[in-house]
Every structure is written in C-alpha cells, then in structure tokens.
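Enquirer: Structure: entry03.cif, mmCIF, C-alpha atoms and all ligand atoms.
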```cif
data_structure
loop_
_atom_site.label_atom_id
_atom_site.label_comp_id
_atom_site.auth_asym_id
_atom_site.auth_seq_id
_atom_site.Cartn_x
_atom_site.Cartn_y
_atom_site.Cartn_z
CA LYS A 327 -8.86 -33.73 -45.60
CA ARG A 328 -7.06 -37.04 -46.19
CA VAL A 329 -3.27 -36.79 -45.95
CA ALA A 330 -0.52 -39.08 -47.24
CA VAL A 331 2.99 -38.82 -45.78
CA LEU A 332 5.97 -39.87 -47.96
CA ILE A 333 9.01 -41.12 -46.02
CA SER A 334 12.40 -42.73 -46.60
CA GLY A 335 13.66 -43.12 -43.01
CA SER A 336 12.89 -42.93 -39.30
CA GLY A 337 9.94 -40.57 -39.82
CA THR A 338 10.30 -38.37 -36.72
CA ASN A 339 8.34 -35.71 -38.60
CA LEU A 340 5.75 -38.36 -39.47
CA GLN A 341 5.37 -39.03 -35.72
CA ALA A 342 4.88 -35.31 -35.06
CA LEU A 343 2.14 -35.23 -37.74
CA ILE A 344 0.50 -38.39 -36.33
CA ASP A 345 0.47 -36.92 -32.82
CA ALA A 346 -0.88 -33.58 -34.06
CA SER A 347 -3.61 -35.12 -36.24
CA ASN A 348 -5.30 -36.55 -33.13
CA ASP A 349 -6.36 -32.94 -32.55
CA ARG A 350 -9.66 -32.53 -34.41
CA SER A 351 -8.91 -28.86 -35.16
CA MET A 352 -6.16 -30.01 -37.56
CA GLY A 353 -8.88 -30.56 -40.18
CA CYS A 354 -7.18 -33.66 -41.51
CA GLU A 355 -6.35 -37.30 -40.89
CA ILE A 356 -3.29 -39.23 -42.00
CA ALA A 357 -4.73 -41.95 -44.22
CA LEU A 358 -1.57 -43.39 -45.83
CA VAL A 359 2.18 -43.59 -45.39
CA ILE A 360 4.31 -44.42 -48.46
CA SER A 361 7.99 -45.33 -48.07
CA ASN A 362 10.56 -45.91 -50.80
CA LYS A 363 12.62 -47.92 -48.28
CA ALA A 364 11.31 -51.26 -46.99
CA LYS A 365 13.08 -50.96 -43.64
CA ALA A 366 12.15 -47.35 -42.86
CA PHE A 367 11.27 -47.18 -39.14
CA GLY A 368 8.51 -44.73 -40.05
CA ILE A 369 6.56 -47.74 -41.35
CA GLU A 370 6.47 -49.15 -37.81
CA ARG A 371 5.30 -45.78 -36.49
CA ALA A 372 2.43 -45.79 -39.03
CA LYS A 373 1.44 -49.38 -38.23
CA LYS A 374 1.39 -48.62 -34.50
CA ALA A 375 -0.93 -45.70 -35.25
CA GLY A 376 -3.21 -47.93 -37.37
CA ILE A 377 -2.32 -46.05 -40.57
CA ALA A 378 -2.16 -47.88 -43.94
CA THR A 379 1.37 -48.25 -45.31
CA LYS A 380 2.78 -48.96 -48.76
CA VAL A 381 6.40 -49.62 -49.74
CA LEU A 382 7.34 -48.66 -53.31
CA CYS A 383 11.01 -49.29 -54.09
CA HIS A 384 12.20 -46.85 -56.73
CA LYS A 385 14.66 -49.50 -57.96
CA ASP A 386 11.65 -51.56 -59.17
CA TYR A 387 10.80 -48.87 -61.72
CA PRO A 388 12.64 -48.10 -64.98
CA SER A 389 12.25 -44.35 -64.64
CA ARG A 390 11.57 -41.61 -62.11
CA GLU A 391 8.29 -40.85 -63.88
CA GLU A 392 7.10 -44.45 -63.61
CA PHE A 393 7.98 -44.61 -59.92
CA ASP A 394 6.09 -41.37 -59.34
CA ALA A 395 3.13 -42.71 -61.37
CA ALA A 396 3.00 -45.76 -59.09
CA MET A 397 2.99 -43.46 -56.05
CA ASP A 398 0.26 -41.35 -57.64
CA GLU A 399 -1.84 -44.47 -58.20
CA GLU A 400 -1.66 -45.29 -54.49
CA LEU A 401 -2.62 -41.71 -53.61
CA SER A 402 -5.69 -41.95 -55.85
CA LYS A 403 -6.62 -45.36 -54.42
CA PHE A 404 -6.68 -43.82 -50.96
CA ASN A 405 -8.53 -40.65 -52.08
CA ILE A 406 -5.68 -38.50 -50.81
CA ASP A 407 -6.14 -34.70 -50.77
CA LEU A 408 -2.78 -33.51 -49.40
CA VAL A 409 0.78 -34.89 -49.42
CA CYS A 410 3.53 -34.27 -46.83
CA LEU A 411 7.18 -35.11 -47.52
CA ALA A 412 8.73 -36.17 -44.21
CA GLY A 413 12.36 -37.03 -44.85
CA PHE A 414 11.48 -38.31 -48.33
CA MET A 415 14.78 -38.49 -50.18
CA ARG A 416 13.76 -38.91 -53.83
CA ILE A 417 13.46 -35.93 -56.14
CA LEU A 418 9.93 -35.89 -57.58
CA SER A 419 9.34 -35.58 -61.31
CA LYS A 420 7.89 -32.40 -62.80
CA ASP A 421 4.62 -34.13 -63.75
CA PHE A 422 4.08 -35.29 -60.17
CA THR A 423 4.84 -31.87 -58.65
CA MET A 424 2.55 -30.19 -61.20
CA LYS A 425 -0.31 -32.57 -60.41
CA TRP A 426 0.09 -31.97 -56.65
CA ARG A 427 0.89 -28.25 -56.93
CA GLY A 428 -0.56 -26.41 -53.97
CA LYS A 429 -1.38 -29.70 -52.21
CA MET A 430 2.09 -31.00 -51.31
CA ILE A 431 4.42 -29.59 -48.64
CA ASN A 432 7.92 -30.40 -47.39
CA VAL A 433 9.91 -29.41 -44.31
CA HIS A 434 13.50 -28.32 -44.97
CA PRO A 435 16.13 -28.12 -42.18
CA ALA A 436 17.23 -24.53 -42.94
CA LEU A 437 15.82 -21.02 -43.41
CA LEU A 438 15.16 -21.08 -47.19
CA PRO A 439 16.14 -19.64 -49.57
CA LEU A 440 19.43 -20.08 -47.71
CA PHE A 441 21.09 -23.52 -47.65
CA ARG A 442 19.06 -25.51 -50.17
CA GLY A 443 19.87 -29.17 -50.80
CA MET A 444 20.67 -32.12 -48.62
CA ASP A 445 22.71 -30.89 -45.68
CA GLY A 446 21.18 -27.61 -44.48
CA ALA A 447 22.58 -27.90 -40.93
CA GLN A 448 26.14 -28.59 -42.14
CA GLN A 449 25.93 -25.65 -44.55
CA ALA A 450 24.86 -23.40 -41.66
CA ILE A 451 27.80 -24.59 -39.51
CA ASP A 452 30.22 -24.09 -42.41
CA ALA A 453 28.88 -20.57 -43.06
CA GLY A 454 29.18 -19.65 -39.36
CA VAL A 455 25.62 -18.23 -39.15
CA ARG A 456 24.24 -17.51 -35.66
CA ILE A 457 20.63 -18.44 -36.38
CA SER A 458 19.20 -21.36 -38.30
CA GLY A 459 15.85 -23.13 -38.34
CA CYS A 460 13.43 -24.91 -40.64
CA THR A 461 11.09 -24.02 -43.48
CA VAL A 462 7.82 -25.63 -44.55
CA HIS A 463 7.24 -24.93 -48.24
CA PHE A 464 5.05 -26.01 -51.12
CA VAL A 465 6.83 -28.54 -53.33
CA GLU A 466 7.71 -27.32 -56.85
CA ALA A 467 9.73 -29.01 -59.58
CA ASP A 468 12.63 -26.70 -58.66
CA VAL A 469 13.96 -28.36 -55.50
CA ASP A 470 13.54 -26.44 -52.22
CA ALA A 471 12.19 -23.42 -54.15
CA GLY A 472 8.44 -23.53 -53.39
CA ALA A 473 6.43 -20.80 -51.65
CA ILE A 474 6.99 -20.71 -47.88
CA LEU A 475 4.13 -21.44 -45.44
CA VAL A 476 5.92 -21.50 -42.05
CA GLN A 477 9.45 -20.91 -40.71
CA GLU A 478 10.78 -21.55 -37.21
CA VAL A 479 14.08 -20.10 -35.94
CA VAL A 480 16.63 -21.81 -33.70
CA PRO A 481 19.90 -20.34 -32.37
CA VAL A 482 23.26 -21.76 -33.39
CA GLU A 483 25.02 -22.31 -30.05
CA VAL A 484 28.78 -21.93 -29.51
CA GLY A 485 30.34 -25.37 -29.95
CA ASP A 486 27.52 -26.64 -32.15
CA ASP A 487 28.40 -29.11 -34.85
CA ALA A 488 26.06 -30.23 -37.66
CA ASP A 489 24.65 -33.00 -35.47
CA SER A 490 23.80 -30.87 -32.40
CA LEU A 491 22.34 -28.18 -34.64
CA GLN A 492 20.35 -30.74 -36.66
CA LYS A 493 18.82 -32.06 -33.42
CA ARG A 494 17.73 -28.55 -32.39
CA ILE A 495 16.34 -27.92 -35.91
CA GLN A 496 14.38 -31.18 -35.72
CA GLY A 497 12.64 -29.95 -32.59
CA ALA A 498 11.56 -26.87 -34.54
CA GLU A 499 10.42 -29.05 -37.49
CA HIS A 500 8.13 -31.01 -35.18
CA LYS A 501 6.34 -27.74 -34.34
CA ALA A 502 6.39 -26.08 -37.76
CA PHE A 503 5.25 -29.02 -39.90
CA PRO A 504 1.95 -29.74 -38.06
CA GLN A 505 1.32 -25.97 -37.91
CA ALA A 506 1.74 -25.67 -41.70
CA LEU A 507 -0.38 -28.76 -42.41
CA LYS A 508 -3.20 -27.30 -40.29
CA LEU A 509 -3.05 -24.00 -42.24
CA LEU A 510 -3.27 -25.93 -45.51
CA ALA A 511 -5.90 -28.48 -44.40
CA THR A 512 -8.21 -25.79 -42.96
CA GLY A 513 -7.86 -23.55 -46.04
CA LYS A 514 -6.21 -20.67 -44.14
CA VAL A 515 -3.44 -20.79 -46.75
CA VAL A 516 -3.62 -21.49 -50.48
CA LEU A 517 -0.98 -21.31 -53.21
CA GLY A 518 -1.77 -18.37 -55.50
CA GLU A 519 -1.31 -18.22 -59.29
CA ASN A 520 1.93 -16.28 -59.19
CA ASN A 521 3.45 -18.89 -56.84
CA LYS A 522 2.75 -16.58 -53.91
CA ILE A 523 1.05 -17.65 -50.69
CA VAL A 524 -2.52 -16.34 -50.31
CA TRP A 525 -3.79 -16.05 -46.71
CA ASN A 526 -7.55 -16.32 -46.20
N1 LIG B 1 10.62 -31.82 -57.35
C1 LIG B 1 10.91 -31.81 -56.03
N2 LIG B 1 11.14 -32.98 -55.39
C2 LIG B 1 11.47 -32.97 -54.06
C3 LIG B 1 11.72 -34.18 -53.41
C4 LIG B 1 12.13 -34.21 -52.09
C5 LIG B 1 12.25 -33.02 -51.38
C6 LIG B 1 12.72 -33.08 -49.97
N3 LIG B 1 14.07 -32.55 -49.89
C7 LIG B 1 15.11 -33.11 -50.62
C8 LIG B 1 16.01 -32.25 -51.25
C9 LIG B 1 17.06 -32.77 -51.99
C10 LIG B 1 17.23 -34.14 -52.13
C11 LIG B 1 18.40 -34.69 -52.95
O1 LIG B 1 19.13 -33.94 -53.59
N4 LIG B 1 18.56 -36.04 -52.90
C12 LIG B 1 19.65 -36.68 -53.61
C13 LIG B 1 19.14 -37.13 -54.96
C14 LIG B 1 18.12 -38.26 -54.80
C15 LIG B 1 17.50 -38.60 -56.13
O2 LIG B 1 18.26 -38.91 -57.09
O3 LIG B 1 16.23 -38.50 -56.23
C16 LIG B 1 16.34 -35.02 -51.50
C17 LIG B 1 15.27 -34.50 -50.75
C18 LIG B 1 11.98 -31.78 -52.00
C19 LIG B 1 11.59 -31.76 -53.35
C20 LIG B 1 11.33 -30.53 -54.07
O4 LIG B 1 11.39 -29.40 -53.51
N5 LIG B 1 11.00 -30.60 -55.40
#
```
Starting from the file, lay out its structure as structure tokens.
Ligand SMILES: Nc1nc2ccc(CNc3ccc(C(=O)NCCCC(=O)O)cc3)cc2c(=O)[nH]1
Expert:
Amino acid sequence: KRVAVLISGSGTNLQALIDASNDRSMGCEIALVISNKAKAFGIERAKKAGIATKVLCHKDYPSREEFDAAMDEELSKFNIDLVCLAGFMRILSKDFTMKWRGKMINVHPALLPLFRGMDGAQQAIDAGVRISGCTVHFVEADVDAGAILVQEVVPVEVGDDADSLQKRIQGAEHKAFPQALKLLATGKVVLGENNKIVWN
C-alpha cells in the first residue's frame, strides 16, 4: 500500500511512521508527505528519508473545498491508497473525508471520545483525570468522532502539567500510530458500513 502523510508541523509522528515503514511487515511504504506549512520541519524529515514532499498553502485557495481538491489531486498523482494525519491542523471538508472514508486515519492526544478538539492534554490536566493516552481513529467529517482502531494508555503523574503529559502521550502516539497503520495496510482492520470497526 502507498501511504501519504499530511503534516503542519515538526512531524514527530511522521518520523515514527517513516522508521516503522522500513519494516517490510508493515505492508506499506510512505510515498508522499504533504504540508500546509512551508516551514514545517516534517518536510526536512521526509527529504532526509527520500520521500516526495509537496507544500500546499491553504491561504492560496479561495475555499476549504478547493484546498482539499488540490490535496486530492496530489494524492491521485502519487497513486496513494491510505492517508495518515500527523499533526495536520486543518479541518478537512466533508467531500474529502467521504472520498477517503475507511482509508484515512488520525492520531489524537487523548482517550476519545473524551477530550475532543485541539488541546487534549490540557483538558485532561484541567479535568484531573489519572490516566490519559492517545487514540488512532478513522477520519470522519465529524471531527475526532471516527471509529477507533488503537488506543494506548499513559498515567497522569503527580505534578504533571499539559506539557509533561503531552510529552508522555507523544511517546504513546509513536507506538500506536504505526501499529494502527499496519492493521489498516495489511487488511486486519476495515471500516464497516455502520461506522464500526471490522476485524478480519
Ligand atoms: N473532517 C475532519 N477533519 C480533520 C482534520 C484534522 C484532524 C486532526 N485533529 C484536529 C482536530 C481539530 C483541529 C482544529 O479545531 N483546528 C482549528 C481549526 C483549523 C481550521 O480552521 O481548519 C485541528 C486538527 C481531524 C479531523 C477529523 O476528525 N475530521
């Protein structure tokens, strides 16, 4: 399977996917990295790994749909089968999520359905929970609401703030995301009709 990774920033999850995809049993290769930010460090990571990169600035497009259509054109050009969102910070239009339904996954820094949205770690600190973690889910139009493939738990330590917790969650993300991509790329998991995960 040919995988594209969408990024907006440093791409630490991209690096975890690059490192994991060197393992043939992953059943996939990362063929393209698309960033909506020209200076995203993840672009350097991709170049160092010999992976094609493309920068598409959303400000160059009159609408969300047209930006997504430009991304979709790149994905077709590269014969992409699966899409991973790795710190991609733009909400995707309904058309795009429908086209890639069951083929696009995202890693969220909280145990969904708890703490949806941008700042999962801060929400966990504010709520005083004692466990947190990350969730890899299929991407649906409804943000952070897709069917769950993998979750990884981390403890919230006494004295944690959002930053220290976020760092521990990131370590879990770097395990969970490659694990989920392998399940999807090797067909062990598919998205069923009723938006439920089907395990083969
Ligand atoms: N339709 C769909 N698209 C997504 C895009 C990114 C992410 C990653 N997690 C994200 C979740 C939320 C945001 C967010 O609220 N950003 C501020 C608004 C930015 C903008 O105006 O675009 C970004 C990424 C998840 C989803 C998803 O679950 N569904």
Enquirer: What does the distance between atom N3 of ligand LIG 1 (chain B) and CA of Leu438 in chain A come to in Å, to one decimal place?
Expert: 11.8 Å
Enquirer: Please provide as a PyMOL selection string all residues within 12 Å of Asn521 in chain A, with the sequence filter that same-chain residues fewer than 6 positions apart are discarded (counting all atoms listed in the file).
Expert: chain A and resi 427-428+463-466+471-475
Enquirer: Please check which protein, DNA or RNA residues sit within 6 Å of ligand LIG 1 (chain B), counting all atoms listed in the file, and write them as a ChimeraX atom specification.
Expert: /A:414-419,423,443-444,465-470
Enquirer: Nearest residue to Phe422 in chain A out of A:Asp487, A:Glu478, A:Asp452, A:Glu391, using only C-alpha atoms?
Expert: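 Smallest separation from Phe422 in chain A among the options: A:Glu391.
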Enquirer: Check the smallest atom-to-atom distance from each of A:Asn520, A:Leu491, A:Ile431, A:Gly413 to Ala450 in chain A using all atoms listed in the file, then report the winner.
Expert: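 For Ala450 in chain A, the nearest of the given residues is A:Leu491.
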Enquirer: Hey, which of A:Pro504, A:Gln341, A:Leu510, A:Ala364 ends up closest to Val524 in chain A? Count all atoms listed in the file.
Expert: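 Among A:Pro504, A:Gln341, A:Leu510, A:Ala364, it is A:Leu510 that comes nearest to Val524 in chain A.
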Enquirer: Quick one: residues within 12 Å of Lys374 in chain A, all atoms listed in the file, excluding same-chain residues fewer than 5 positions away - as a list in words?
Expert: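 Using all atoms listed in the file, the neighbours found are Gln341, Ile344, Asp345, Phe367, Gly368, Ile369 and Thr379 of chain A.
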Enquirer: Using all atoms listed in the file, determine which residues lie at most 12 Å from Ala346 in chain A, disregarding the query and same-chain residues fewer than 6 positions distant; provide the list as a ChimeraX atom specification.
Expert: /A:339-340,352-356,500-508
Enquirer: May I ask which of the residues A:Glu370, A:Lys493, A:Leu332, A:Phe404 is the closest one to Leu382 in chain A, counting only C-alpha atoms?
Expert: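 Checking each of A:Glu370, A:Lys493, A:Leu332, A:Phe404 against Leu382 in chain A, counting only C-alpha atoms, the winner is A:Leu332.
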Enquirer: Which neighbours of Ala412 in chain A fall inside 8 Å, counting only C-alpha atoms, when residues of the same chain fewer than 3 positions from it are skipped, and could you give them as a list in words?
Expert: Val331, Leu332, Ile333, Ser334, Gly337, Thr338, Asn339, Leu340, Asn432 and Val433 of chain A
Enquirer: Within 12 Å of (2.1, -47.0, -56.4) (coordinates as in the file), grab all the protein and nucleic acid residues, counting all atoms listed in the file, and write them out as a PyMOL selection string.
Expert: chain A and resi 332+358-362+379-384+386-387+391-404
Enquirer: For the atom pair CA of Gly446 in chain A and CA of Leu343 in chain A, what is the interatomic distance in Å to one decimal place?
Expert: 21.6 Å
Enquirer: Determine the nearest neighbour of Trp525 in chain A from the options A:Gly459, A:Gly497, A:Gly335, A:Gly513, counting only C-alpha atoms.
Expert: A:Gly513
